>>> print(open('structure27.pdb').read())   # PDB, C-alpha atoms
MODEL        1
ATOM      1  CA  MET A 246     -24.727 -25.372  10.309  1.00  0.00           C
ATOM      2  CA  VAL A 247     -23.766 -21.856   9.205  1.00  0.00           C
ATOM      3  CA  GLU A 248     -21.527 -21.630   6.158  1.00  0.00           C
ATOM      4  CA  LYS A 249     -18.387 -19.509   6.547  1.00  0.00           C
ATOM      5  CA  LYS A 250     -18.222 -16.535   4.216  1.00  0.00           C
ATOM      6  CA  ALA A 251     -15.086 -15.727   2.250  1.00  0.00           C
ATOM      7  CA  ARG A 252     -12.835 -13.147   3.838  1.00  0.00           C
ATOM      8  CA  PHE A 253     -12.519 -10.045   1.678  1.00  0.00           C
ATOM      9  CA  GLY A 254      -9.692  -8.422   3.608  1.00  0.00           C
ATOM     10  CA  LEU A 255      -5.983  -8.763   3.039  1.00  0.00           C
ATOM     11  CA  ASP A 256      -4.314 -12.106   3.484  1.00  0.00           C
ATOM     12  CA  LYS A 257      -2.240 -11.938   6.680  1.00  0.00           C
ATOM     13  CA  LYS A 258       0.648 -13.732   4.951  1.00  0.00           C
ATOM     14  CA  ARG A 259       0.895 -10.866   2.439  1.00  0.00           C
ATOM     15  CA  ILE A 260       1.531  -8.122   5.015  1.00  0.00           C
ATOM     16  CA  ILE A 261       5.130  -7.052   5.682  1.00  0.00           C
ATOM     17  CA  ARG A 262       5.926  -7.492   9.371  1.00  0.00           C
ATOM     18  CA  ASN A 263       9.652  -8.215   9.457  1.00  0.00           C
ATOM     19  CA  LYS A 264      11.781  -5.149  10.346  1.00  0.00           C
ATOM     20  CA  ASN A 265      14.651  -6.261   8.131  1.00  0.00           C
ATOM     21  CA  GLU A 266      12.285  -6.705   5.193  1.00  0.00           C
ATOM     22  CA  ILE A 267      10.919  -3.192   5.769  1.00  0.00           C
ATOM     23  CA  ARG A 268      14.411  -1.669   6.059  1.00  0.00           C
ATOM     24  CA  ASN A 269      15.562  -3.443   2.924  1.00  0.00           C
ATOM     25  CA  LEU A 270      12.588  -2.201   0.920  1.00  0.00           C
ATOM     26  CA  LEU A 271      12.955   1.352   2.236  1.00  0.00           C
ATOM     27  CA  SER A 272      16.654   1.471   1.338  1.00  0.00           C
ATOM     28  CA  THR A 273      16.634  -0.316  -2.033  1.00  0.00           C
ATOM     29  CA  GLY A 274      13.082   0.159  -3.363  1.00  0.00           C
ATOM     30  CA  ARG A 275      12.021   2.588  -6.074  1.00  0.00           C
ATOM     31  CA  ARG A 276       9.797   5.496  -5.091  1.00  0.00           C
ATOM     32  CA  PHE A 277       6.681   6.877  -6.732  1.00  0.00           C
ATOM     33  CA  PHE A 278       5.661  10.203  -5.201  1.00  0.00           C
ATOM     34  CA  CYS A 279       2.030  11.185  -5.116  1.00  0.00           C
ATOM     35  CA  ASN A 280       0.458  14.289  -3.582  1.00  0.00           C
ATOM     36  CA  GLU A 281       0.134  13.077  -0.015  1.00  0.00           C
ATOM     37  CA  PHE A 282       1.852   9.691   0.067  1.00  0.00           C
ATOM     38  CA  VAL A 283       4.731   7.689  -1.355  1.00  0.00           C
ATOM     39  CA  ILE A 284       4.640   4.250  -2.941  1.00  0.00           C
ATOM     40  CA  ILE A 285       7.904   2.407  -2.324  1.00  0.00           C
ATOM     41  CA  TYR A 286       8.147  -0.745  -4.411  1.00  0.00           C
ATOM     42  CA  LYS A 287      10.465  -3.456  -5.629  1.00  0.00           C
ATOM     43  CA  PRO A 288       9.819  -6.451  -7.903  1.00  0.00           C
ATOM     44  CA  ASP A 289       9.680  -9.655  -5.874  1.00  0.00           C
ATOM     45  CA  SER A 290       8.557 -13.234  -6.353  1.00  0.00           C
ATOM     46  CA  ASP A 291       6.914 -13.112  -2.903  1.00  0.00           C
ATOM     47  CA  PRO A 292       4.659 -10.014  -3.131  1.00  0.00           C
ATOM     48  CA  LYS A 293       3.854  -8.304   0.165  1.00  0.00           C
ATOM     49  CA  VAL A 294       2.480  -4.959   1.282  1.00  0.00           C
ATOM     50  CA  GLY A 295       2.889  -2.564   4.210  1.00  0.00           C
ATOM     51  CA  PHE A 296       0.935   0.524   5.272  1.00  0.00           C
ATOM     52  CA  PHE A 297       2.512   3.341   7.290  1.00  0.00           C
ATOM     53  CA  ALA A 298       1.437   6.832   8.325  1.00  0.00           C
ATOM     54  CA  SER A 299       3.784   9.616   9.368  1.00  0.00           C
ATOM     55  CA  GLY A 300       3.748  10.824  12.951  1.00  0.00           C
ATOM     56  CA  LYS A 301       3.319  14.310  11.454  1.00  0.00           C
ATOM     57  CA  ILE A 302      -0.350  13.411  10.986  1.00  0.00           C
ATOM     58  CA  SER A 303      -1.583  14.494  14.389  1.00  0.00           C
ATOM     59  CA  GLY A 304      -3.913  12.156  16.231  1.00  0.00           C
ATOM     60  CA  ALA A 305      -3.959   8.374  16.138  1.00  0.00           C
ATOM     61  CA  ALA A 306      -7.510   8.317  14.784  1.00  0.00           C
ATOM     62  CA  LYS A 307      -6.437  10.341  11.713  1.00  0.00           C
ATOM     63  CA  ARG A 308      -3.388   8.126  11.120  1.00  0.00           C
ATOM     64  CA  ASN A 309      -5.519   5.003  11.391  1.00  0.00           C
ATOM     65  CA  ARG A 310      -8.115   6.437   8.988  1.00  0.00           C
ATOM     66  CA  VAL A 311      -5.413   7.154   6.417  1.00  0.00           C
ATOM     67  CA  LYS A 312      -4.136   3.576   6.698  1.00  0.00           C
ATOM     68  CA  ARG A 313      -7.687   2.202   6.379  1.00  0.00           C
ATOM     69  CA  ILE A 314      -8.200   4.205   3.184  1.00  0.00           C
ATOM     70  CA  LEU A 315      -4.908   2.907   1.766  1.00  0.00           C
ATOM     71  CA  ARG A 316      -5.705  -0.699   2.715  1.00  0.00           C
ATOM     72  CA  GLU A 317      -9.145  -0.576   1.109  1.00  0.00           C
ATOM     73  CA  ALA A 318      -7.841   1.092  -2.071  1.00  0.00           C
ATOM     74  CA  TYR A 319      -5.075  -1.506  -2.290  1.00  0.00           C
ATOM     75  CA  ARG A 320      -7.510  -4.364  -1.720  1.00  0.00           C
ATOM     76  CA  MET A 321      -9.717  -3.132  -4.560  1.00  0.00           C
ATOM     77  CA  ASN A 322      -6.731  -2.640  -6.932  1.00  0.00           C
ATOM     78  CA  LYS A 323      -4.361  -5.511  -6.100  1.00  0.00           C
ATOM     79  CA  ASP A 324      -3.798  -6.237  -9.781  1.00  0.00           C
ATOM     80  CA  ILE A 325      -1.805  -2.990 -10.180  1.00  0.00           C
ATOM     81  CA  PHE A 326       0.776  -4.194  -7.648  1.00  0.00           C
ATOM     82  CA  GLU A 327       1.042  -7.813  -8.838  1.00  0.00           C
ATOM     83  CA  GLY A 328       4.601  -9.151  -8.470  1.00  0.00           C
ATOM     84  CA  LEU A 329       5.745  -6.240  -6.292  1.00  0.00           C
ATOM     85  CA  LYS A 330       6.701  -5.805  -2.678  1.00  0.00           C
ATOM     86  CA  VAL A 331       5.108  -2.462  -1.749  1.00  0.00           C
ATOM     87  CA  ILE A 332       5.064   0.025   1.116  1.00  0.00           C
ATOM     88  CA  PHE A 333       2.546   2.861   1.212  1.00  0.00           C
ATOM     89  CA  TYR A 334       3.793   5.749   3.348  1.00  0.00           C
ATOM     90  CA  ALA A 335       1.266   8.526   4.063  1.00  0.00           C
ATOM     91  CA  ASN A 336       2.623  12.013   4.754  1.00  0.00           C
ATOM     92  CA  ASN A 337      -0.660  13.858   5.138  1.00  0.00           C
ATOM     93  CA  LEU A 338      -4.447  13.453   5.163  1.00  0.00           C
ATOM     94  CA  PHE A 339      -6.218  12.570   1.907  1.00  0.00           C
ATOM     95  CA  ASP A 340      -9.389  10.938   0.631  1.00  0.00           C
ATOM     96  CA  ALA A 341     -10.021   7.755  -1.321  1.00  0.00           C
ATOM     97  CA  GLU A 342     -10.413   9.564  -4.655  1.00  0.00           C
ATOM     98  CA  GLU A 343      -6.867  10.957  -4.408  1.00  0.00           C
ATOM     99  CA  VAL A 344      -5.522   7.480  -3.690  1.00  0.00           C
ATOM    100  CA  LEU A 345      -7.311   5.973  -6.692  1.00  0.00           C
ATOM    101  CA  ASN A 346      -5.961   8.743  -8.947  1.00  0.00           C
ATOM    102  CA  CYS A 347      -2.433   8.058  -7.692  1.00  0.00           C
ATOM    103  CA  PHE A 348      -2.863   4.322  -8.260  1.00  0.00           C
ATOM    104  CA  GLU A 349      -3.902   5.028 -11.846  1.00  0.00           C
ATOM    105  CA  SER A 350      -0.835   7.244 -12.333  1.00  0.00           C
ATOM    106  CA  PHE A 351       1.327   4.481 -10.862  1.00  0.00           C
ATOM    107  CA  ARG A 352      -0.195   1.945 -13.261  1.00  0.00           C
ATOM    108  CA  LYS A 353       0.606   4.211 -16.230  1.00  0.00           C
ATOM    109  CA  GLU A 354       4.200   4.759 -15.110  1.00  0.00           C
ATOM    110  CA  ARG A 355       4.738   1.022 -14.563  1.00  0.00           C
ATOM    111  CA  SER A 356       3.401   0.242 -18.046  1.00  0.00           C
ATOM    112  CA  HIS A 357       6.134   2.479 -19.547  1.00  0.00           C
ATOM    113  CA  GLU A 358       8.969   0.688 -17.718  1.00  0.00           C
TER     114      GLU A 358
ENDMDL
END
>>> encode(input="structure27.pdb", output="structure tokens")
Amino acid sequence: MVEKKARFGLDKKRIIRNKNEIRNLLSTGRRFFCNEFVIIYKPDSDPKVGFFASGKISGAAKRNRVKRILREAYRMNKDIFEGLKVIFYANNLFDAEEVLNCFESFRKERSHE
């Protein structure tokens, strides 16, 4: 019998899917602006995450790539966003290095709060 390997992706229960939850976070959450994307966050006992790309990024393949980069960067740095409900909103194309730099800036800002 083949042993099942652990899943390294995001837990489906931790992804924001409810429209009201998204609207609430967008209207009441704090914003951290980076070069090409915005981190919208709010402290919450039930941490969740959402990934969105602006329609201004032309081409579905480019929008999906941006979201893949954000998901992977988030997955590798979950500890930064512990105890937060977070939305990542991409405005333009970027690479993984830019995302990691922004995450580090976000960590520094959060440590000063």
>>> closest_residue(input="structure27.pdb", among="A:Tyr334, A:Val294, A:Ala318, A:Arg310", to="A:Asn346", atoms="all atoms listed in the file")
A:Ala318
>>> closest_residue(input="structure27.pdb", among="A:Val283, A:Ile260, A:Leu338, A:Leu329", to="A:Lys301", atoms="all atoms listed in the file")
A:Leu338
>>> atom_distance(input="structure27.pdb", atom1="atom CA of A:Leu255", atom2="atom CA of A:Glu317")
9.0 Å
>>> atom_distance(input="structure27.pdb", atom1="atom CA of A:Asp324", atom2="atom CA of A:Ala341")
17.5 Å
>>> axis_aligned_box(input="structure27.pdb", around="stretch 251-270 of chain A", padding_each_side="5 Å", output="AutoDock Vina command-line options")
--center_x 0.2 --center_y -8.7 --center_z 5.6 --size_x 40.6 --size_y 24.1 --size_z 19.4
>>> resolve_selection(input="structure27.pdb", expression="the PyMOL selection byres ((chain A and resi 332) around 10)", output="list in words")
Ile260, Ile261, Ile267, Leu270, Leu271, Gly274, Arg276, Val283, Ile284, Ile285, Tyr286, Lys287, Lys293, Val294, Gly295, Phe296, Phe297, Leu329, Lys330, Val331, Phe333, Tyr334 and Ala335 of chain A
>>> atom_distance(input="structure27.pdb", atom1="atom CA of A:Phe348", atom2="atom CA of A:Phe278")
10.8 Å
>>> closest_residue(input="structure27.pdb", among="A:Arg275, A:Asp289, A:Ile325, A:Gly304", to="A:Phe351", atoms="only C-alpha atoms")
A:Ile325
>>> closest_residue(input="structure27.pdb", among="A:Arg316, A:Lys353, A:Asn336, A:Gly328", to="A:Ser303", atoms="only C-alpha atoms")
A:Asn336
>>> closest_residue(input="structure27.pdb", among="A:Phe277, A:Asp256, A:Gly300, A:Asn263", to="A:Asn337", atoms="only C-alpha atoms")
A:Gly300
>>> residues_near_point(input="structure27.pdb", point="(-4.6, 8.5, 5.1)", cutoff="8 Å", atoms="only C-alpha atoms", output="ChimeraX atom specification")
/A:298,307-315,335,337-340
>>> closest_residue(input="structure27.pdb", among="A:Leu345, A:Arg352, A:Ser299, A:Pro288", to="A:Arg320", atoms="only C-alpha atoms")
A:Leu345
>>> build_atoms(input="structure27.pdb", residues="stretch 256-275 of chain A", atoms="N, CA and C atoms", output="compact mmCIF listing (two decimals), keeping the file's coordinate frame")
# COMPACT_ATOMS: atom_id res chain seq x y z
N ASP A 256 -4.85 -10.87 2.95
CA ASP A 256 -4.31 -12.11 3.48
C ASP A 256 -3.18 -11.77 4.45
N LYS A 257 -3.24 -12.27 5.65
CA LYS A 257 -2.24 -11.94 6.68
C LYS A 257 -0.82 -12.28 6.24
N LYS A 258 -0.68 -13.32 5.42
CA LYS A 258 0.65 -13.73 4.95
C LYS A 258 1.25 -12.72 3.99
N ARG A 259 0.44 -11.84 3.43
CA ARG A 259 0.90 -10.87 2.44
C ARG A 259 1.22 -9.49 3.03
N ILE A 260 1.22 -9.39 4.37
CA ILE A 260 1.53 -8.12 5.01
C ILE A 260 2.96 -8.16 5.54
N ILE A 261 3.74 -7.13 5.25
CA ILE A 261 5.13 -7.05 5.68
C ILE A 261 5.16 -6.78 7.18
N ARG A 262 5.82 -7.65 7.93
CA ARG A 262 5.93 -7.49 9.37
C ARG A 262 7.37 -7.51 9.86
N ASN A 263 8.26 -8.07 9.07
CA ASN A 263 9.65 -8.22 9.46
C ASN A 263 10.40 -6.88 9.31
N LYS A 264 11.06 -6.43 10.37
CA LYS A 264 11.78 -5.15 10.35
C LYS A 264 12.86 -5.12 9.28
N ASN A 265 13.59 -6.22 9.14
CA ASN A 265 14.65 -6.26 8.13
C ASN A 265 14.09 -6.16 6.72
N GLU A 266 12.95 -6.78 6.50
CA GLU A 266 12.28 -6.70 5.19
C GLU A 266 11.85 -5.26 4.90
N ILE A 267 11.34 -4.59 5.91
CA ILE A 267 10.92 -3.19 5.77
C ILE A 267 12.12 -2.31 5.48
N ARG A 268 13.19 -2.47 6.27
CA ARG A 268 14.41 -1.67 6.06
C ARG A 268 14.98 -1.88 4.67
N ASN A 269 15.03 -3.13 4.24
CA ASN A 269 15.56 -3.44 2.92
C ASN A 269 14.75 -2.76 1.82
N LEU A 270 13.45 -2.83 1.92
CA LEU A 270 12.59 -2.20 0.92
C LEU A 270 12.72 -0.68 0.94
N LEU A 271 12.80 -0.10 2.14
CA LEU A 271 12.96 1.35 2.24
C LEU A 271 14.28 1.82 1.65
N SER A 272 15.34 1.03 1.81
CA SER A 272 16.65 1.47 1.34
C SER A 272 16.89 1.16 -0.14
N THR A 273 16.32 0.07 -0.65
CA THR A 273 16.63 -0.32 -2.03
C THR A 273 15.46 -0.17 -3.00
N GLY A 274 14.26 0.08 -2.49
CA GLY A 274 13.08 0.16 -3.36
C GLY A 274 13.01 1.45 -4.15
N ARG A 275 12.28 1.39 -5.27
CA ARG A 275 12.02 2.59 -6.07
C ARG A 275 10.87 3.34 -5.45
